[in-house]
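Reviewing the structure listed below.
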Amino acid sequence: MTIRVLLADDQPMIRASLRIILENEPDIAVVAEAGDGVEAIEQARRTRPDVCLVDIQMPRLDGIEVARALAEAPPRVVMVTTFDLDEYVHGALRCGAAGFVMKDAGPSLLVEAVRAAYAGDVLISPSITLRLLRQVAGDREARVPAQTLTVREVEIVRAVARGRTNREIADELVISLSTVKGYVAGIQAKLGARNRTEIAAWAWESPTMRPQLG
């Protein structure tokens with residue numbers, strides 16, 4: 001299955017760079033581009049991509065307005081931006097965005113965000129996730145897992161809560177990427193978490209996990 005992507009950014013060089021990164025992946029194809037928010041909505045409705053990568057600051061309509069306009073449409077919107085202000089993040093997620101990735105986060109995280117959005121998950125750049133989770137840490141009590149986490153699963157949870165990507169976790173623990181993905185799926189099932197962001201939130205809410213996260 002090929003993931004069809006629309007790129008929306010007012011800078012042609014940025015769009016060209018994103019296209020190169022994404023089309024280097026065998027399961028991703030860029031099917032349309034847009035230079036402003038109005039064009040992004042028009043192109044999304046015309047080409048019906050699976051995922052839209054949208055810059056948060058664009059002419060005519062910004063990325064948040066694009067996400068709001070496409071909230072009931074098939075495309076999943078992932079914000080790609082140089083700005084990680086909290087009001088942008090909250091605004092994007094309130095409008096139904098399926099991710100928020102910094103432009104300097106690196107190619108692997110960008111690709112992971114596209115795949116996560118396509119799968120129905122939400123991925124937020126680790127640096128943003130950590131800051132937001134620290135802000136709410138202690139506000140809620142973590143739910144008890146349906147099953148006890150194994151020692152390895154606890155290691156994976158800590159890594160996710162610290163903002164590590166699957167590739168970084170695999171390298172740190174010297175295990176394969178597919179093994180990490182298997183652990184993450186198992187952890188989600190035990191915690192009743194829909195995605196890795198909820199795994200991280202659980203860790204920061206847990207009185208036993210939080211002291212070990214720094």
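Within each chain, counting starts at residue 1; across the structure tokens, chains are named A, B, ... in the order shown, with ligands numbered 1 upward in that order.
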Those in range 10-172 of chain A with strand (DSSP E) from DSSP, as a list in words = Ile28, Ala29, Val30, Val31, Ala32, Glu33, Ala34, Val51, Cys52, Leu53, Val54, Asp55, Arg76, Val77, Val78, Met79, Val80, Thr81, Gly99, Phe100, Val101, Met102, Leu123 and Ile124 of chain A
Write out, as a tab-separated table, each residue of range 170-201 of chain A that has an atom at most 12 Å from range 107-123 of chain A, together with the closest pair of atoms and their distance in Å to one decimal, counting only C-alpha atoms, rows going by chain and rising number.
residue	atom	partner	partner_atom	distance
A:Lys181	CA	A:Glu112	CA	11.8
A:Ala185	CA	A:Asp121	CA	12.0
A:Gln188	CA	A:Asp121	CA	11.7
A:Ala193	CA	A:Asp121	CA	10.4
A:Arg194	CA	A:Asp121	CA	7.0
A:Asn195	CA	A:Asp121	CA	5.6
A:Arg196	CA	A:Leu123	CA	7.4
A:Thr197	CA	A:Leu123	CA	6.7
A:Glu198	CA	A:Val122	CA	9.3
A:Ile199	CA	A:Leu123	CA	11.6
A:Ala200	CA	A:Leu123	CA	11.3
Could you turn the residues from that selection into a file that holds N, CA and C atoms, as a tab-separated table (two decimals), in the first residue's frame?
chain	number	residue	atom	x	y	z
A	181	LYS	N	9.11	-2.20	17.59
A	181	LYS	CA	7.72	-1.98	17.20
A	181	LYS	C	6.80	-2.99	17.85
A	185	ALA	N	3.76	-2.05	20.48
A	185	ALA	CA	2.39	-2.52	20.27
A	185	ALA	C	1.88	-3.27	21.51
A	188	GLN	N	1.18	-0.77	24.30
A	188	GLN	CA	-0.07	-0.06	24.06
A	188	GLN	C	-1.26	-0.90	24.49
A	193	ALA	N	-3.31	2.26	25.60
A	193	ALA	CA	-2.88	3.50	24.96
A	193	ALA	C	-3.09	3.41	23.45
A	194	ARG	N	-3.52	4.50	22.83
A	194	ARG	CA	-3.78	4.51	21.40
A	194	ARG	C	-2.51	4.75	20.58
A	195	ASN	N	-1.49	5.36	21.18
A	195	ASN	CA	-0.27	5.68	20.45
A	195	ASN	C	0.87	5.90	21.43
A	196	ARG	N	2.07	6.20	20.89
A	196	ARG	CA	3.25	6.33	21.74
A	196	ARG	C	3.17	7.58	22.62
A	197	THR	N	2.46	8.61	22.18
A	197	THR	CA	2.30	9.80	23.02
A	197	THR	C	1.56	9.45	24.30
A	198	GLU	N	0.56	8.58	24.20
A	198	GLU	CA	-0.17	8.16	25.40
A	198	GLU	C	0.67	7.25	26.29
A	199	ILE	N	1.60	6.50	25.68
A	199	ILE	CA	2.54	5.71	26.48
A	199	ILE	C	3.41	6.66	27.31
A	200	ALA	N	3.92	7.71	26.66
A	200	ALA	CA	4.76	8.69	27.36
A	200	ALA	C	3.97	9.39	28.46
For range 40-45 of chain A, work out the shell of residues within 9 Å, counting only C-alpha atoms and skipping chain neighbours fewer than 3 positions away, then give it as a PyMOL selection string.
-> chain A and resi 6-9+32-37+48-49+52+54+66-67+69-70+73-75
Range 157-160 of chain A surroundings by only C-alpha atoms, 8 Å radius, close-in-sequence under 5 positions cut, as a PyMOL selection string = chain A and resi 165+169+187+196+199-200+203+209+212-213
Atomic distance CA of Met79 in chain A - CA of Cys95 in chain A, expressed in Å with one decimal | 11.2 Å
Smallest atom-to-atom distance to Leu53 in chain A: which of A:Ile124, A:Val89, A:Met13, A:Val80, using only C-alpha atoms?
->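 Going through A:Ile124, A:Val89, A:Met13, A:Val80 one by one, the smallest distance to Leu53 in chain A is for A:Val80.
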List every residue of range 18-214 of chain A that DSSP, applied to the backbone, labels as helix (DSSP H, G or I), and write the result as a PyMOL selection string.
-> chain A and resi 18-23+37-47+63-69+86-94+107-118+126-136+151-161+166-173+177-191+196-205+210-212
Work out how far apart CA of Val31 in chain A and CA of Asp50 in chain A are and give it in Å to one decimal.
->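 Rounded to one decimal, the two atoms are 9.8 Å apart.
CA of Leu18 in chain A sits 10.6 Å away from CA of Gly106 in chain A.
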Spatial neighbours of Asp27 in chain A, max dist 9 Å, only C-alpha atoms, sep filter under 4 positions, as a list of chain:residue names | A:Met1, A:Thr2, A:Ile3, A:Arg4, A:Leu22, A:Glu23
Take the residues from that selection and write them out as a compact mmCIF listing (two decimals), in the first residue's frame, keeping all heavy atoms.
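File produced: again_20.txt:
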# COMPACT_ATOMS: atom_id res chain seq x y z
N MET A 1 0.84 -1.19 0.00
CA MET A 1 0.00 0.00 0.00
C MET A 1 0.88 1.24 0.00
O MET A 1 1.79 1.38 0.82
CB MET A 1 -0.91 0.01 1.23
CG MET A 1 -1.81 1.21 1.34
SD MET A 1 -3.13 1.19 0.10
CE MET A 1 -4.19 -0.07 0.79
N THR A 2 0.62 2.17 -0.93
CA THR A 2 1.38 3.41 -1.00
C THR A 2 0.63 4.52 -0.26
O THR A 2 -0.56 4.72 -0.47
CB THR A 2 1.59 3.83 -2.47
OG1 THR A 2 2.33 2.82 -3.14
CG2 THR A 2 2.36 5.15 -2.55
N ILE A 3 1.35 5.24 0.60
CA ILE A 3 0.78 6.37 1.33
C ILE A 3 0.89 7.61 0.45
O ILE A 3 2.00 8.04 0.10
CB ILE A 3 1.51 6.60 2.67
CG1 ILE A 3 1.50 5.33 3.51
CG2 ILE A 3 0.87 7.75 3.43
CD1 ILE A 3 2.35 5.41 4.77
N ARG A 4 -0.24 8.21 0.08
CA ARG A 4 -0.26 9.36 -0.80
C ARG A 4 -0.22 10.64 0.02
O ARG A 4 -1.04 10.85 0.91
CB ARG A 4 -1.51 9.31 -1.69
CG ARG A 4 -1.60 8.01 -2.49
CD ARG A 4 -2.93 7.83 -3.19
NE ARG A 4 -3.05 8.73 -4.33
CZ ARG A 4 -3.81 9.80 -4.37
NH1 ARG A 4 -4.53 10.13 -3.30
NH2 ARG A 4 -3.86 10.56 -5.45
N LEU A 22 10.66 12.05 1.41
CA LEU A 22 9.53 11.13 1.41
C LEU A 22 9.57 10.15 0.24
O LEU A 22 9.27 8.96 0.40
CB LEU A 22 8.22 11.92 1.38
CG LEU A 22 7.95 12.78 2.62
CD1 LEU A 22 6.67 13.58 2.43
CD2 LEU A 22 7.86 11.93 3.88
N GLU A 23 9.95 10.64 -0.94
CA GLU A 23 9.93 9.75 -2.10
C GLU A 23 11.12 8.80 -2.13
O GLU A 23 11.21 7.96 -3.02
CB GLU A 23 9.85 10.58 -3.38
CG GLU A 23 8.51 11.32 -3.49
CD GLU A 23 8.16 11.72 -4.89
OE1 GLU A 23 9.09 12.02 -5.67
OE2 GLU A 23 6.95 11.75 -5.21
